[in-house]
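Colleague: Okay, here's the structure, questions in a sec.
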Amino acid sequence: MHNKTVAELSKGLAAGEFSSVELTQHFLTRIEDSSINSFITVCNDEALSEAKAADEKISAGNATPWTGIPVAHKDIFCTQGVKTSCGSKMLDNFIPPYDATVTSNFKQQGAVCLGKTNMDEFAMGSSNESSYYGKVTNPWGENLVPGGSSGGSAAAVAARLTPAATATDTGGSIRQPSALCGVTGLKPTYGRVSRYGMIAFASSLDQGGPIARTAEDAAMMLNVMASYDKRDSTCIEREVPDYTATLNKSIEGLNIGLPKEFFSDQLDAKMQQQVQNAIKELEKLGANIKEISLPHTELSVPAYYIIAPAECSANLSRFDGVRYGHRCDNPKDLEDLYMRSRTEGFGEEVKRRIMVGAYALSAGFYDAYYRKAQQVRRLIKNDFTSAFENVDLIIGPTTPSPAFGFDSKGDDPTAMYLEDIFTISTNLAGLPGMSIPAGMIDNLPVGLQLIGNYFDEARLLNASHQFQQVTDWHNKAPKGCL
């Protein structure tokens with residue numbers, strides 16, 4: 001059962017081939033036997049109870065396509081009555097009294113929550129090595145990172161521990177781990193998915209999205225995740241289409257832009273060849289490939305690492321040891337309470353970004369750093385606007401190379417930040433982007449990135465689905481996971 005996609009499982013449940021209880025227990029057993037540390041919390045009793053209720057709905061003829069389907073949620077989405085930690089000691093004791101809109105939407109559709117997936121602390125990282133609960137192992141290699149910050153979700157899907165998982169993307173945190181783990185991940189347009197109940201890292205960049213094995217499954221997930229929510233002031237009031245409706249549409253005549261800036265010295269030569277191979281497959285399907293330019297791409301990383309830390313320093317100021325979260329023992333006074341609670345509760349990467357952000361926002365440096373970074377952000381957005389006047393989609397690598405080893409970049413934060421060089425600009429512009437499996441290098445998966453215009457997720461999913469109809473990279477599985 002674990003080798004079936006969400007679409008196949010949905011049909012199997014409807015046909016009575018197996019029950020949701022049987023399906024859920026199967027995945028819970030696989031999670032228990034796994035050693036990759038992809039889950040922080042496993043909801044055994046709750047999941048089986050939800051599965052039983054789902055079976056009753058199916059029997060009564062009241063099922064949706066998601067009724068009885070197991071899913072996992074990144075531990076950044078609040079789940080009522082279940083610990084939501086953001087991978088941090090700061091929230092190790094936090095039990096939300098409410099559901100995030102994303103988790104609520106899946107509940108309403110009858111999905112079964114298997115548990116909460118591991119992640120880089122407060123979504124800050126590109127390797128999933130910064131979690132308070134320990135690093136996540138890439139199922140493709142015991143010494144390899146799964147990518148971050150949604151590494152737990154990507155690794156769990158790749159290892160067939162869950163058919164699908166929710167995730168978030170601030171600078172590439174859905175697409176980068178999806179690429180390194182050989183699965184499909186989609187970052188929707190900013191504002192397409194509600195951020196209510198999604199614990200904030202950088203509010204103008206964060207966006208929830210799906211990770212699954214196929215574009216079809218990602219489309220099914222986005223049908224549930226995308227919704228207008230008045231509780232989120234950044235959520236766009238816009239009709240949500242059926243993203244599965246156009247999956248089988250031909251892509252003949254589709255104009256796809258290839259940015260020359262993506263093929264720099266920072267791109268592994270073997271990776272460049274895999275992208276070229278994928279382009280040939282798309283051309284066989286009738287797509288037209290055009291060289292384009294995104295001239296300010298090289299400025300995306302420095303701009304991001306001013307804007308994101310600035311917003312995180314503001315968002316994380318609420319974690320002060322007073323209202324909820326970690327609180328130090330026996331504080332001498334209020335200042336000691338603040339200082340020791342935050343020192344003990346936050347990890348090194350989070351502290352680093354808070355300090356950078358606070359510095360960039362300080363009175364003497366705001367204009368020189370934060371304001372300038374926002375001006376660069378506008379230039380990056382303008383690059384994409386110009387490009388989409390001539391093309392329908394943009395294509396390129398998701399990452400500079402396949403999965404790298406644990407601790408190989410730990411002493412060099414800049415090298416780690418550059419792992420997101422091809423994904424960050426999409427977040428700065430607020431555009432949708434996705435990564436799909438598109439080859440192997442030294443027996444490790446690599447991802448192909450597709451970027452769309454605003455609210456053009458359907459076209460992204462269509463092109464990805466058509467690519468997956470003529471390739472089988474998305475069906476590859478790590479050794480021992482089939």
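Labels for the structure tokens follow display order: chains A, B, ..., residues from 1 in each chain, ligands from 1.
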Apply DSSP to the backbone of this structure and, from range 20-146 of chain A, keep only the residues in strand (DSSP E); write these as a VMD selection string.
Modeller: chain A and resid 39 to 42 70 to 74 112 to 117
Colleague: Suppose we keep C-alpha atoms; can you now write the selection as a PDB file, in the first residue's frame?
Modeller:
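The resulting part.pdb:
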ATOM      1  CA  PHE A  39       8.755  12.710  12.806  1.00  0.00           C
ATOM      2  CA  ILE A  40       8.742  14.696  16.038  1.00  0.00           C
ATOM      3  CA  THR A  41       5.292  13.511  17.139  1.00  0.00           C
ATOM      4  CA  VAL A  42       3.402  10.429  15.956  1.00  0.00           C
ATOM      5  CA  PRO A  70      -3.121   9.507   5.824  1.00  0.00           C
ATOM      6  CA  VAL A  71      -1.079  12.721   5.746  1.00  0.00           C
ATOM      7  CA  ALA A  72       1.645  14.256   7.888  1.00  0.00           C
ATOM      8  CA  HIS A  73       1.975  17.904   8.844  1.00  0.00           C
ATOM      9  CA  LYS A  74       5.175  19.869   9.205  1.00  0.00           C
ATOM     10  CA  VAL A 112      -6.042  11.238   8.766  1.00  0.00           C
ATOM     11  CA  CYS A 113      -3.150  12.978  10.556  1.00  0.00           C
ATOM     12  CA  LEU A 114      -0.253  10.557  11.131  1.00  0.00           C
ATOM     13  CA  GLY A 115       1.779  13.110  13.081  1.00  0.00           C
ATOM     14  CA  LYS A 116       4.110  16.103  12.915  1.00  0.00           C
ATOM     15  CA  THR A 117       7.302  16.044  10.857  1.00  0.00           C
TER      16      THR A 117
END
Colleague: Using only C-alpha atoms, what table do you get, as CSV, when you list each residue of range 236-344 of chain A with an atom no more than 9 Å from range 467-474 of chain A, its nearest pair of atoms, and their distance in Å rounded to one decimal, rows by chain then rising number?
Modeller:
residue,atom,partner,partner_atom,distance
A:Ala278,CA,A:Phe467,CA,8.3
A:Glu281,CA,A:Phe467,CA,7.1
A:Leu282,CA,A:Phe467,CA,6.6
A:Leu285,CA,A:Phe467,CA,8.1
Colleague: I need the residues from that last selection saved to file as a PDB file, in the first residue's frame (with N, CA and C atoms), if you can.
Modeller:
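What ended up in out-v6.pdb:
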ATOM      1  N   ALA A 278      16.273  16.989 -19.124  1.00  0.00           N
ATOM      2  CA  ALA A 278      14.858  17.240 -18.833  1.00  0.00           C
ATOM      3  C   ALA A 278      14.254  18.183 -19.869  1.00  0.00           C
ATOM      4  N   GLU A 281      13.177  16.367 -22.930  1.00  0.00           N
ATOM      5  CA  GLU A 281      11.896  15.660 -22.767  1.00  0.00           C
ATOM      6  C   GLU A 281      10.727  16.629 -22.941  1.00  0.00           C
ATOM      7  N   LEU A 282      10.868  17.826 -22.403  1.00  0.00           N
ATOM      8  CA  LEU A 282       9.804  18.820 -22.542  1.00  0.00           C
ATOM      9  C   LEU A 282       9.660  19.274 -23.988  1.00  0.00           C
ATOM     10  N   LEU A 285       7.634  16.975 -25.934  1.00  0.00           N
ATOM     11  CA  LEU A 285       6.208  17.147 -25.648  1.00  0.00           C
ATOM     12  C   LEU A 285       5.627  18.382 -26.330  1.00  0.00           C
TER      13      LEU A 285
END
Colleague: Restricting the calculation to only C-alpha atoms: of A:Ala360, A:Val446, A:Ala158, A:Leu337, which residue gets closest to Asn138 in chain A?
Modeller: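 Among the listed residues, the smallest separation from Asn138 in chain A belongs to A:Ala158.
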Colleague: Using only C-alpha atoms, find the one residue out of A:Glu32, A:Asp333, A:Asp45, A:Asp217 that sits nearest to Leu9 in chain A.
Modeller: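 That would be A:Asp217, the residue with the smallest distance to Leu9 in chain A.
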Colleague: Nearest residue to Pro259 in chain A out of A:Ala387, A:Leu448, A:Leu13, A:Cys78, using only C-alpha atoms?
Modeller: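 With only C-alpha atoms as the atom set, the closest residue is A:Ala387.
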Colleague: Quick one: residues within 9 Å of Ile380 in chain A, only C-alpha atoms counted, chain neighbours fewer than 4 positions away excluded, as a PDB file with C-alpha atoms, in the first residue's frame?
Modeller:
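Saved as part35.pdb:
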ATOM      1  CA  LEU A 294      17.072  37.454 -14.773  1.00  0.00           C
ATOM      2  CA  PRO A 295      19.943  39.919 -14.253  1.00  0.00           C
ATOM      3  CA  HIS A 296      19.521  40.497 -10.530  1.00  0.00           C
ATOM      4  CA  THR A 297      19.549  36.795  -9.560  1.00  0.00           C
ATOM      5  CA  LEU A 299      21.586  39.658  -5.506  1.00  0.00           C
ATOM      6  CA  SER A 300      18.792  37.409  -4.257  1.00  0.00           C
ATOM      7  CA  GLN A 375      14.744  47.939  -3.176  1.00  0.00           C
ATOM      8  CA  VAL A 376      16.742  45.012  -4.574  1.00  0.00           C
ATOM      9  CA  PHE A 384      10.373  38.153 -13.470  1.00  0.00           C
ATOM     10  CA  THR A 385       7.640  40.517 -14.668  1.00  0.00           C
ATOM     11  CA  SER A 425      14.355  34.790  -5.848  1.00  0.00           C
ATOM     12  CA  THR A 426      10.966  33.102  -6.294  1.00  0.00           C
ATOM     13  CA  LEU A 428      11.280  37.433  -2.904  1.00  0.00           C
ATOM     14  CA  ALA A 429       8.983  37.942  -5.891  1.00  0.00           C
TER      15      ALA A 429
END
Colleague: Closest to Val102 in chain A among A:Ala403, A:Ile199, A:Ile307, A:Ala155, using only C-alpha atoms?
Modeller: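 Among the listed residues, A:Ile199 lies closest to Val102 in chain A.
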